[in-house]
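Text of final10.txt, listed as compact mmCIF, C-alpha atoms:
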```txt
# COMPACT_ATOMS: atom_id res chain seq x y z
CA MET A 29 67.66 8.11 70.75
CA ARG A 30 64.25 6.54 71.30
CA VAL A 31 62.54 5.25 68.17
CA SER A 32 58.86 6.13 67.99
CA ALA A 33 56.17 3.48 67.65
CA GLU A 34 55.17 5.03 64.32
CA THR A 35 58.70 4.73 62.93
CA THR A 36 58.96 1.13 64.12
CA GLN A 37 55.67 0.34 62.42
CA VAL A 38 56.86 1.80 59.12
CA ARG A 39 60.10 -0.16 59.30
CA ASN A 40 58.11 -3.32 59.94
CA LEU A 41 56.02 -2.55 56.87
CA ILE A 42 59.20 -2.09 54.83
CA ASP A 43 60.45 -5.48 56.07
CA ALA A 44 57.15 -7.11 55.11
CA LEU A 45 57.22 -5.58 51.64
CA HIS A 46 60.82 -6.69 51.20
CA ALA A 47 59.77 -10.24 52.08
CA ASP A 48 56.93 -10.08 49.54
CA LEU A 49 59.30 -8.87 46.83
CA SER A 50 61.83 -11.56 47.73
CA ALA A 51 59.08 -14.14 47.15
CA GLN A 52 58.33 -12.45 43.82
CA GLY A 53 62.00 -12.82 42.87
CA HIS A 54 61.89 -16.55 43.55
CA ARG A 55 58.64 -16.80 41.59
CA VAL A 56 60.22 -15.08 38.58
CA ALA A 57 63.34 -17.27 38.80
CA GLY A 58 61.11 -20.34 38.59
CA LEU A 59 59.14 -18.84 35.71
CA ILE A 60 62.17 -18.27 33.50
CA GLU A 61 63.51 -21.73 34.30
CA ARG A 62 60.23 -23.27 33.15
CA SER A 63 60.17 -21.10 30.04
CA VAL A 64 63.55 -22.51 29.00
CA GLU A 65 62.44 -26.05 29.84
CA ALA A 66 59.31 -25.59 27.70
CA LEU A 67 61.47 -24.60 24.76
CA TRP A 68 63.91 -27.50 24.92
CA GLU A 69 61.33 -30.09 25.97
CA ARG A 70 58.95 -28.91 23.20
CA ASP A 71 56.28 -28.74 25.89
CA ALA A 72 53.38 -26.56 24.75
CA GLU A 73 51.49 -27.04 28.01
CA LYS A 74 54.44 -25.85 30.07
CA ALA A 75 54.83 -22.83 27.78
CA ARG A 76 51.15 -21.94 28.30
CA GLY A 77 51.68 -22.32 32.03
CA VAL A 78 54.50 -19.76 31.90
CA ILE A 79 52.30 -17.28 30.07
CA GLU A 80 49.47 -17.78 32.58
CA GLU A 81 51.85 -17.48 35.54
CA ASP A 82 53.03 -14.12 34.25
CA GLU A 83 49.57 -12.76 35.00
CA ALA A 84 50.15 -13.56 38.69
CA VAL A 85 53.54 -11.83 38.52
CA ASP A 86 51.89 -8.76 36.99
CA ARG A 87 49.23 -8.65 39.71
CA GLU A 88 51.86 -8.88 42.43
CA ASP A 89 53.93 -6.20 40.69
CA VAL A 90 50.98 -3.79 40.81
CA ARG A 91 50.14 -4.70 44.41
CA ILE A 92 53.70 -4.17 45.66
CA GLU A 93 53.96 -0.80 43.93
CA LYS A 94 50.66 0.33 45.45
CA GLU A 95 51.76 -0.88 48.88
CA ALA A 96 55.01 1.10 48.58
CA VAL A 97 53.03 4.26 47.80
CA ARG A 98 50.68 3.61 50.75
CA LEU A 99 53.68 3.02 52.99
CA LEU A 100 55.22 6.38 52.10
CA ALA A 101 51.89 8.16 52.51
CA HIS A 102 51.40 6.54 55.91
CA ALA A 103 54.93 7.53 56.98
CA MET A 104 54.24 11.18 56.16
CA GLN A 105 50.75 11.30 57.66
CA SER A 106 51.71 9.54 60.89
CA GLY A 107 54.83 11.61 61.44
CA ALA A 108 56.99 8.50 61.23
CA SER A 109 58.99 10.04 58.39
CA ARG A 110 60.77 12.28 60.89
CA GLY A 111 62.31 9.22 62.49
CA LEU A 112 63.37 7.49 59.30
CA GLY A 113 66.98 7.65 58.15
CA GLU A 114 68.64 7.59 54.74
CA GLY A 115 68.87 3.81 54.88
CA ASP A 116 65.10 3.50 55.27
CA VAL A 117 64.50 5.79 52.29
CA ARG A 118 67.00 3.83 50.18
CA ARG A 119 65.16 0.62 51.00
CA VAL A 120 61.80 1.96 49.82
CA MET A 121 63.30 3.40 46.63
CA THR A 122 65.00 0.07 45.96
CA LEU A 123 61.79 -1.89 46.50
CA VAL A 124 60.03 0.11 43.80
CA LYS A 125 62.90 -0.22 41.32
CA VAL A 126 63.55 -3.91 41.90
CA ASN A 127 59.84 -4.66 41.66
CA ASN A 128 59.87 -3.25 38.13
CA GLU A 129 63.02 -5.20 37.19
CA PHE A 130 61.53 -8.52 38.34
CA GLU A 131 58.39 -7.86 36.31
CA ARG A 132 60.46 -7.14 33.19
CA ILE A 133 62.46 -10.36 33.67
CA ALA A 134 59.18 -12.29 33.78
CA ASP A 135 58.15 -10.59 30.52
CA MET A 136 61.33 -11.92 28.91
CA GLY A 137 60.43 -15.39 30.12
CA VAL A 138 57.09 -15.05 28.37
CA ALA A 139 58.84 -13.90 25.18
CA ILE A 140 60.82 -17.15 25.24
CA ALA A 141 57.78 -19.31 25.99
CA GLU A 142 55.91 -17.74 23.08
CA LYS A 143 58.57 -19.11 20.69
CA GLN A 144 57.99 -22.69 21.84
CA GLU A 145 55.69 -23.50 18.93
CA VAL A 146 58.22 -22.33 16.33
CA VAL A 147 61.04 -24.33 17.90
CA ALA A 148 58.83 -27.41 18.34
CA SER A 149 58.00 -27.43 14.63
CA LEU A 150 61.62 -28.14 13.71
CA ASP A 151 63.50 -31.41 13.50
CA GLY A 152 66.05 -30.66 16.21
CA PRO A 153 66.54 -28.51 19.31
CA PRO A 154 68.15 -25.05 19.18
CA PRO A 155 71.96 -24.92 19.05
CA ALA A 156 73.59 -26.15 22.26
CA LYS A 157 75.10 -22.70 22.91
CA PHE A 158 71.57 -21.38 23.45
CA ARG A 159 70.95 -23.82 26.29
CA MET A 160 74.31 -22.92 27.82
CA MET A 161 73.46 -19.22 27.65
CA ALA A 162 69.98 -19.82 29.06
CA ASN A 163 71.27 -21.97 31.92
CA SER A 164 73.84 -19.31 32.72
CA VAL A 165 71.19 -16.61 33.01
CA ILE A 166 68.94 -18.87 35.09
CA GLY A 167 71.84 -19.14 37.52
CA ILE A 168 72.35 -15.37 37.41
CA MET A 169 68.68 -14.81 38.26
CA GLN A 170 68.88 -17.22 41.19
CA THR A 171 71.94 -15.36 42.49
CA THR A 172 70.17 -12.04 41.94
CA SER A 173 67.14 -13.18 43.90
CA ARG A 174 69.36 -14.36 46.76
CA ALA A 175 71.36 -11.12 46.72
CA PHE A 176 68.19 -9.06 47.03
CA GLU A 177 66.60 -11.25 49.68
CA THR A 178 69.63 -11.11 52.00
CA ASN A 179 71.19 -7.77 50.93
CA ASP A 180 74.28 -9.79 50.01
CA LEU A 181 76.93 -7.52 48.50
CA ALA A 182 79.14 -10.45 47.46
CA SER A 183 76.33 -12.07 45.47
CA ALA A 184 75.49 -8.72 43.88
CA GLN A 185 79.11 -8.38 42.74
CA VAL A 186 78.96 -11.88 41.24
CA VAL A 187 75.93 -10.81 39.19
CA LEU A 188 77.76 -7.74 37.89
CA ALA A 189 80.82 -9.83 37.03
CA SER A 190 78.65 -12.16 34.93
CA ASP A 191 77.64 -9.37 32.55
CA ALA A 192 80.63 -9.70 30.22
CA ALA A 193 80.22 -13.47 29.96
CA THR A 194 76.57 -13.08 28.97
CA GLU A 195 77.53 -10.66 26.21
CA ARG A 196 80.09 -13.14 24.87
CA PHE A 197 77.47 -15.89 24.92
CA GLU A 198 75.05 -13.73 22.96
CA GLN A 199 77.66 -12.87 20.35
CA ALA A 200 78.60 -16.53 19.95
CA VAL A 201 75.05 -17.84 19.56
CA LEU A 202 74.03 -15.12 17.12
CA ARG A 203 77.15 -15.77 15.06
CA GLU A 204 76.20 -19.44 14.87
CA VAL A 205 72.66 -18.56 13.80
CA GLU A 206 73.96 -16.27 11.06
CA GLU A 207 76.32 -18.96 9.78
CA LEU A 208 73.55 -21.58 9.69
CA LEU A 209 71.20 -19.16 7.94
CA ALA A 210 73.83 -18.26 5.34
CA SER A 211 74.58 -21.93 4.64
CA GLY A 212 70.93 -22.85 4.26
CA GLY A 213 70.96 -24.93 7.42
CA MET A 214 68.26 -22.84 9.07
CA SER A 215 65.05 -21.18 7.93
CA VAL A 216 64.51 -17.44 8.20
CA ASP A 217 61.60 -17.94 10.63
CA TYR A 218 63.71 -20.14 12.88
CA ALA A 219 66.59 -17.67 12.77
CA LEU A 220 64.27 -14.81 13.74
CA ALA A 221 62.86 -16.86 16.63
CA LEU A 222 66.37 -17.60 17.89
CA HIS A 223 67.30 -13.93 17.64
CA THR A 224 64.28 -13.11 19.80
CA ILE A 225 65.22 -15.80 22.33
CA ALA A 226 68.84 -14.68 22.55
CA GLY A 227 67.77 -11.07 22.96
CA ALA A 228 65.32 -11.99 25.72
CA ILE A 229 67.97 -13.98 27.58
CA LYS A 230 70.43 -11.08 27.35
CA ARG A 231 67.85 -8.59 28.58
CA MET A 232 67.13 -10.84 31.56
CA ALA A 233 70.81 -10.58 32.47
CA ASP A 234 70.69 -6.79 32.03
CA HIS A 235 67.74 -6.52 34.42
CA CYS A 236 69.59 -8.74 36.90
CA THR A 237 72.56 -6.35 36.88
CA ASN A 238 70.14 -3.50 37.53
CA VAL A 239 68.90 -5.33 40.62
CA ALA A 240 72.48 -5.99 41.72
CA GLU A 241 73.19 -2.26 41.47
CA GLN A 242 70.23 -1.57 43.75
CA VAL A 243 71.36 -4.18 46.27
CA ILE A 244 74.75 -2.49 46.49
CA TYR A 245 73.07 0.90 46.84
CA VAL A 246 70.69 -0.11 49.60
CA ALA A 247 73.35 -2.02 51.52
CA SER A 248 76.12 0.57 51.29
CA GLY A 249 74.69 3.84 50.01
CA LYS A 250 77.20 3.60 47.16
CA ILE A 251 76.65 3.24 43.43
CA VAL A 252 78.38 1.35 40.66
CA ARG A 253 78.63 2.47 37.05
CA HIS A 254 78.95 0.42 33.90
CA GLN A 255 81.94 1.29 31.73
CA VAL A 256 82.73 -0.08 28.27
CA ASP A 257 84.08 -3.41 29.52
CA HIS A 258 83.70 -3.40 33.30
CA TRP A 259 81.81 -2.15 36.33
CA THR A 260 83.33 0.45 38.60
CA ALA A 261 83.94 -0.23 42.26
CA PRO A 262 81.16 1.05 44.54
CA GLN A 263 81.58 4.78 45.06
CA GLU A 264 79.82 7.62 46.81
CA PRO A 265 77.13 9.31 44.67
CA ASP A 266 78.12 12.59 43.03
CA VAL A 267 76.59 15.57 44.79
```

Could you render the structure as structure tokens?
Amino acid sequence: MRVSAETTQVRNLIDALHADLSAQGHRVAGLIERSVEALWERDAEKARGVIEEDEAVDREDVRIEKEAVRLLAHAMQSGASRGLGEGDVRRVMTLVKVNNEFERIADMGVAIAEKQEVVASLDGPPPAKFRMMANSVIGIMQTTSRAFETNDLASAQVVLASDAATERFEQAVLREVEELLASGGMSVDYALALHTIAGAIKRMADHCTNVAEQVIYVASGKIVRHQVDHWTAPQEPDV
């Protein structure tokens, strides 16, 4: 069946928007890496840079969403929508959802950077488990970005499999904070800051799993569901 010029144009626009969002994913991955570095290096300037960079992420988030709306409007007005298949529609839906997830991950990076001053005022760095947890989630975000960019199902599954490990990390670091607070080895303000940091790191991982779900959906048309202690295998949507 011959593909119309209008349909080809819309698909090219989808490809271009996917490339823009892939670049946004890499930008966000770098942002959260620098936010963690600012914390452990006690670097106020780097923390301010993270907060300023989030403004660029927000602008791109708004632009991509507007472009997705224009793309759909153009597809309907030009008649190209008649030539689009389910896979094309899934791609556009995924672009909008992933765009929001990347923006939320950047927000969590800012939440971490904003605690730099509290951490820097103390004699020592945060507990080592925090850095381990943060490094783990930085790796998860890098894998997430790669999975989205290349529609890589294997990488998306790796992201989902990391979810349980991130939860264990969070439980371990918060337990250590509570023990230090109870023993007088940590101030209340410091403990609250570390709770915020741990929560932000965990939410980053949650947003990454949301992106991984979308990668699986756009690549296969199937969905995965989160159970109490595991993710289901990809399955056809209920109808």

Would you work out the distance separating CA of Pro155 in chain A from CA of Gly58 in chain A, expressed in Å to one decimal?
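Going from CA of Pro155 in chain A over to CA of Gly58 in chain A covers 22.8 Å.
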
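The two atoms in question, CA of Ile166 in chain A and CA of Ile92 in chain A, are spaced 23.7 Å apart.
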
Which residues are near Ile133 in chain A? Cut-off 12 Å, only C-alpha atoms, ignore same chain within fewer than 6 positions. Put them as an mmCIF file with C-alpha atoms, in the frame of the given file.
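Result file around.cif:
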```cif
data_model
loop_
_atom_site.group_PDB
_atom_site.id
_atom_site.type_symbol
_atom_site.label_atom_id
_atom_site.label_comp_id
_atom_site.auth_asym_id
_atom_site.auth_seq_id
_atom_site.Cartn_x
_atom_site.Cartn_y
_atom_site.Cartn_z
ATOM 1 C CA GLN A 52 58.330 -12.450 43.820
ATOM 2 C CA GLY A 53 62.000 -12.820 42.870
ATOM 3 C CA HIS A 54 61.890 -16.550 43.550
ATOM 4 C CA ARG A 55 58.640 -16.800 41.590
ATOM 5 C CA VAL A 56 60.220 -15.080 38.580
ATOM 6 C CA ALA A 57 63.340 -17.270 38.800
ATOM 7 C CA GLY A 58 61.110 -20.340 38.590
ATOM 8 C CA LEU A 59 59.140 -18.840 35.710
ATOM 9 C CA ILE A 60 62.170 -18.270 33.500
ATOM 10 C CA GLU A 61 63.510 -21.730 34.300
ATOM 11 C CA SER A 63 60.170 -21.100 30.040
ATOM 12 C CA ASP A 82 53.030 -14.120 34.250
ATOM 13 C CA VAL A 85 53.540 -11.830 38.520
ATOM 14 C CA ASP A 86 51.890 -8.760 36.990
ATOM 15 C CA ASP A 89 53.930 -6.200 40.690
ATOM 16 C CA VAL A 126 63.550 -3.910 41.900
ATOM 17 C CA ASN A 127 59.840 -4.660 41.660
ATOM 18 C CA ALA A 139 58.840 -13.900 25.180
ATOM 19 C CA ILE A 140 60.820 -17.150 25.240
ATOM 20 C CA VAL A 165 71.190 -16.610 33.010
ATOM 21 C CA ILE A 166 68.940 -18.870 35.090
ATOM 22 C CA ILE A 168 72.350 -15.370 37.410
ATOM 23 C CA MET A 169 68.680 -14.810 38.260
ATOM 24 C CA THR A 172 70.170 -12.040 41.940
ATOM 25 C CA SER A 173 67.140 -13.180 43.900
ATOM 26 C CA GLY A 227 67.770 -11.070 22.960
ATOM 27 C CA ALA A 228 65.320 -11.990 25.720
ATOM 28 C CA ILE A 229 67.970 -13.980 27.580
ATOM 29 C CA LYS A 230 70.430 -11.080 27.350
ATOM 30 C CA ARG A 231 67.850 -8.590 28.580
ATOM 31 C CA MET A 232 67.130 -10.840 31.560
ATOM 32 C CA ALA A 233 70.810 -10.580 32.470
ATOM 33 C CA ASP A 234 70.690 -6.790 32.030
ATOM 34 C CA HIS A 235 67.740 -6.520 34.420
ATOM 35 C CA CYS A 236 69.590 -8.740 36.900
ATOM 36 C CA THR A 237 72.560 -6.350 36.880
ATOM 37 C CA ASN A 238 70.140 -3.500 37.530
ATOM 38 C CA VAL A 239 68.900 -5.330 40.620
#
```

Atom-to-atom span, CA of Gly137 in chain A and CA of Val124 in chain A, Å
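One can read the CA of Gly137 in chain A to CA of Val124 in chain A distance as 20.7 Å.
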
Find the residues of range 94-184 of chain A that sit at most 7 Å from range 197-205 of chain A; for each, write down the nearest two atoms and how far apart they are in Å, to one decimal. Count all atoms listed in the file. Sort by chain, then by number going up, and give it as JSON lines.
```
{"residue": "A:Lys157", "atom": "CA", "partner": "A:Val201", "partner_atom": "CA", "distance": 5.9}
{"residue": "A:Phe158", "atom": "CA", "partner": "A:Val201", "partner_atom": "CA", "distance": 6.3}
{"residue": "A:Met161", "atom": "CA", "partner": "A:Phe197", "partner_atom": "CA", "distance": 5.9}
```

Which residues are near Gly249 in chain A? Cut-off 8 Å, only C-alpha atoms, ignore same chain within fewer than 3 positions. Put them as a ChimeraX atom specification.
/A:115,118,244-246,264

I'd like the contact shell of Lys74 in chain A - 10 Å cut-off, all atoms listed in the file, skipping same-chain residues fewer than 4 positions apart - returned as a PyMOL selection string.
chain A and resi 62-67+69-70+78-80+141+144

Could you tell me which of A:Gly111, A:Val38, A:Val120, A:Val138 comes closest to Glu81 in chain A if we count all atoms listed in the file?
A:Val138

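Proximity to Thr194 in chain A was assessed for A:Ala103, A:Met160, A:Met214, A:Ala219 counting all atoms listed in the file; the smallest distance is recorded for A:Met160.
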
Nearest to Ala184 in chain A among A:Glu34, A:Glu95, A:Asp116, A:Glu241, with distances taken over only C-alpha atoms: which residue is it?
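Of all the options, A:Glu241 lies closest to Ala184 in chain A.
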
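For the choices A:Asp135, A:Val97, A:Ser106, A:Asp43, the atom-to-atom distance to Ala84 in chain A is smallest for A:Asp135 when using all atoms listed in the file.
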
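Residues with any atom within 10 Å of Ala175 in chain A, counting all atoms listed in the file and excluding same-chain neighbours fewer than 2 positions away, are A:Ser50, A:Met169, A:Gln170, A:Thr171, A:Thr172, A:Ser173, A:Glu177, A:Thr178, A:Asn179, A:Asp180, A:Leu181, A:Ala182, A:Ser183, A:Ala184, A:Gln185, A:Val186, A:Val187, A:Val239, A:Ala240, A:Val243, A:Ile244.
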
Please write the residues from the selection above to a file, keeping C-alpha atoms, as an mmCIF file, in the coordinates of the input.
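So the final result, stored in part.cif, reads:
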```cif
data_model
loop_
_atom_site.group_PDB
_atom_site.id
_atom_site.type_symbol
_atom_site.label_atom_id
_atom_site.label_comp_id
_atom_site.auth_asym_id
_atom_site.auth_seq_id
_atom_site.Cartn_x
_atom_site.Cartn_y
_atom_site.Cartn_z
ATOM 1 C CA SER A 50 61.830 -11.560 47.730
ATOM 2 C CA MET A 169 68.680 -14.810 38.260
ATOM 3 C CA GLN A 170 68.880 -17.220 41.190
ATOM 4 C CA THR A 171 71.940 -15.360 42.490
ATOM 5 C CA THR A 172 70.170 -12.040 41.940
ATOM 6 C CA SER A 173 67.140 -13.180 43.900
ATOM 7 C CA GLU A 177 66.600 -11.250 49.680
ATOM 8 C CA THR A 178 69.630 -11.110 52.000
ATOM 9 C CA ASN A 179 71.190 -7.770 50.930
ATOM 10 C CA ASP A 180 74.280 -9.790 50.010
ATOM 11 C CA LEU A 181 76.930 -7.520 48.500
ATOM 12 C CA ALA A 182 79.140 -10.450 47.460
ATOM 13 C CA SER A 183 76.330 -12.070 45.470
ATOM 14 C CA ALA A 184 75.490 -8.720 43.880
ATOM 15 C CA GLN A 185 79.110 -8.380 42.740
ATOM 16 C CA VAL A 186 78.960 -11.880 41.240
ATOM 17 C CA VAL A 187 75.930 -10.810 39.190
ATOM 18 C CA VAL A 239 68.900 -5.330 40.620
ATOM 19 C CA ALA A 240 72.480 -5.990 41.720
ATOM 20 C CA VAL A 243 71.360 -4.180 46.270
ATOM 21 C CA ILE A 244 74.750 -2.490 46.490
#
```

Go through A:Glu83, A:Asp48, A:Glu114, A:Glu73 and flag the residue nearest Ala96 in chain A, using only C-alpha atoms for the distances.
A:Asp48

Contacts of Gln37 in chain A within 12 Å, all atoms listed in the file, excl. fewer than 3 positions in-chain, as an MDAnalysis selection string:
chainID A and resid 31:34 40:44 99:100 102:103 106:109 111:112

Between A:Pro154, A:Glu88, A:His223, A:Ser190, which one has atoms that come closest to Phe130 in chain A, using only C-alpha atoms?
A:Glu88

Generate the coordinates of all heavy atoms for range 83-94 of chain A; report them as a compact mmCIF listing (two decimals), keeping the file's coordinate frame.
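Output below, filename selection-v4.txt:
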```txt
# COMPACT_ATOMS: atom_id res chain seq x y z
N GLU A 83 50.68 -13.60 34.54
CA GLU A 83 49.57 -12.76 35.00
C GLU A 83 49.63 -12.59 36.52
O GLU A 83 49.35 -11.50 37.04
CB GLU A 83 48.24 -13.39 34.58
CG GLU A 83 48.04 -13.43 33.06
CD GLU A 83 46.75 -14.11 32.66
OE1 GLU A 83 45.98 -14.50 33.57
OE2 GLU A 83 46.50 -14.26 31.45
N ALA A 84 50.01 -13.66 37.24
CA ALA A 84 50.15 -13.56 38.69
C ALA A 84 51.31 -12.64 39.06
O ALA A 84 51.22 -11.87 40.03
CB ALA A 84 50.35 -14.95 39.29
N VAL A 85 52.39 -12.72 38.29
CA VAL A 85 53.54 -11.83 38.52
C VAL A 85 53.12 -10.38 38.31
O VAL A 85 53.47 -9.50 39.11
CB VAL A 85 54.71 -12.19 37.58
CG1 VAL A 85 55.82 -11.14 37.66
CG2 VAL A 85 55.27 -13.56 37.92
N ASP A 86 52.35 -10.13 37.26
CA ASP A 86 51.89 -8.76 36.99
C ASP A 86 51.00 -8.23 38.11
O ASP A 86 51.12 -7.06 38.51
CB ASP A 86 51.11 -8.72 35.66
CG ASP A 86 52.01 -8.88 34.45
OD1 ASP A 86 53.23 -8.72 34.60
OD2 ASP A 86 51.49 -9.17 33.36
N ARG A 87 50.11 -9.09 38.62
CA ARG A 87 49.23 -8.65 39.71
C ARG A 87 50.03 -8.31 40.96
O ARG A 87 49.77 -7.30 41.63
CB ARG A 87 48.20 -9.74 40.03
CG ARG A 87 47.10 -9.91 38.99
CD ARG A 87 45.96 -10.73 39.52
NE ARG A 87 46.38 -12.09 39.86
CZ ARG A 87 46.37 -13.11 39.00
NH1 ARG A 87 45.96 -12.93 37.75
NH2 ARG A 87 46.75 -14.31 39.39
N GLU A 88 51.03 -9.13 41.26
CA GLU A 88 51.86 -8.88 42.43
C GLU A 88 52.71 -7.63 42.24
O GLU A 88 52.93 -6.86 43.19
CB GLU A 88 52.74 -10.09 42.71
CG GLU A 88 53.58 -9.99 43.97
CD GLU A 88 52.77 -10.00 45.26
OE1 GLU A 88 51.51 -9.96 45.20
OE2 GLU A 88 53.38 -10.04 46.34
N ASP A 89 53.17 -7.41 41.01
CA ASP A 89 53.93 -6.20 40.69
C ASP A 89 53.10 -4.94 41.01
O ASP A 89 53.58 -4.01 41.67
CB ASP A 89 54.32 -6.23 39.21
CG ASP A 89 54.79 -4.88 38.70
OD1 ASP A 89 55.81 -4.38 39.20
OD2 ASP A 89 54.14 -4.33 37.79
N VAL A 90 51.86 -4.94 40.57
CA VAL A 90 50.98 -3.79 40.81
C VAL A 90 50.70 -3.64 42.30
O VAL A 90 50.72 -2.53 42.85
CB VAL A 90 49.66 -3.96 40.02
CG1 VAL A 90 48.66 -2.87 40.43
CG2 VAL A 90 49.92 -3.89 38.52
N ARG A 91 50.44 -4.76 42.98
CA ARG A 91 50.14 -4.70 44.41
C ARG A 91 51.31 -4.14 45.21
O ARG A 91 51.13 -3.29 46.09
CB ARG A 91 49.78 -6.10 44.94
CG ARG A 91 49.30 -6.08 46.39
CD ARG A 91 49.21 -7.47 46.96
NE ARG A 91 50.52 -8.05 47.20
CZ ARG A 91 51.27 -7.78 48.27
NH1 ARG A 91 50.87 -6.90 49.19
NH2 ARG A 91 52.45 -8.36 48.42
N ILE A 92 52.52 -4.63 44.92
CA ILE A 92 53.70 -4.17 45.66
C ILE A 92 53.93 -2.69 45.44
O ILE A 92 54.25 -1.94 46.37
CB ILE A 92 54.93 -5.00 45.26
CG1 ILE A 92 54.81 -6.42 45.83
CG2 ILE A 92 56.23 -4.35 45.74
CD1 ILE A 92 55.90 -7.38 45.39
N GLU A 93 53.76 -2.23 44.20
CA GLU A 93 53.96 -0.80 43.93
C GLU A 93 52.94 0.04 44.70
O GLU A 93 53.28 1.08 45.29
CB GLU A 93 53.86 -0.52 42.44
CG GLU A 93 54.13 0.93 42.09
CD GLU A 93 54.35 1.17 40.61
OE1 GLU A 93 54.70 0.21 39.89
OE2 GLU A 93 54.18 2.31 40.18
N LYS A 94 51.69 -0.41 44.71
CA LYS A 94 50.66 0.33 45.45
C LYS A 94 50.96 0.33 46.95
O LYS A 94 50.77 1.35 47.63
CB LYS A 94 49.29 -0.29 45.19
CG LYS A 94 48.73 -0.01 43.79
CD LYS A 94 47.36 -0.60 43.62
CE LYS A 94 46.78 -0.26 42.26
NZ LYS A 94 45.43 -0.87 42.07
```
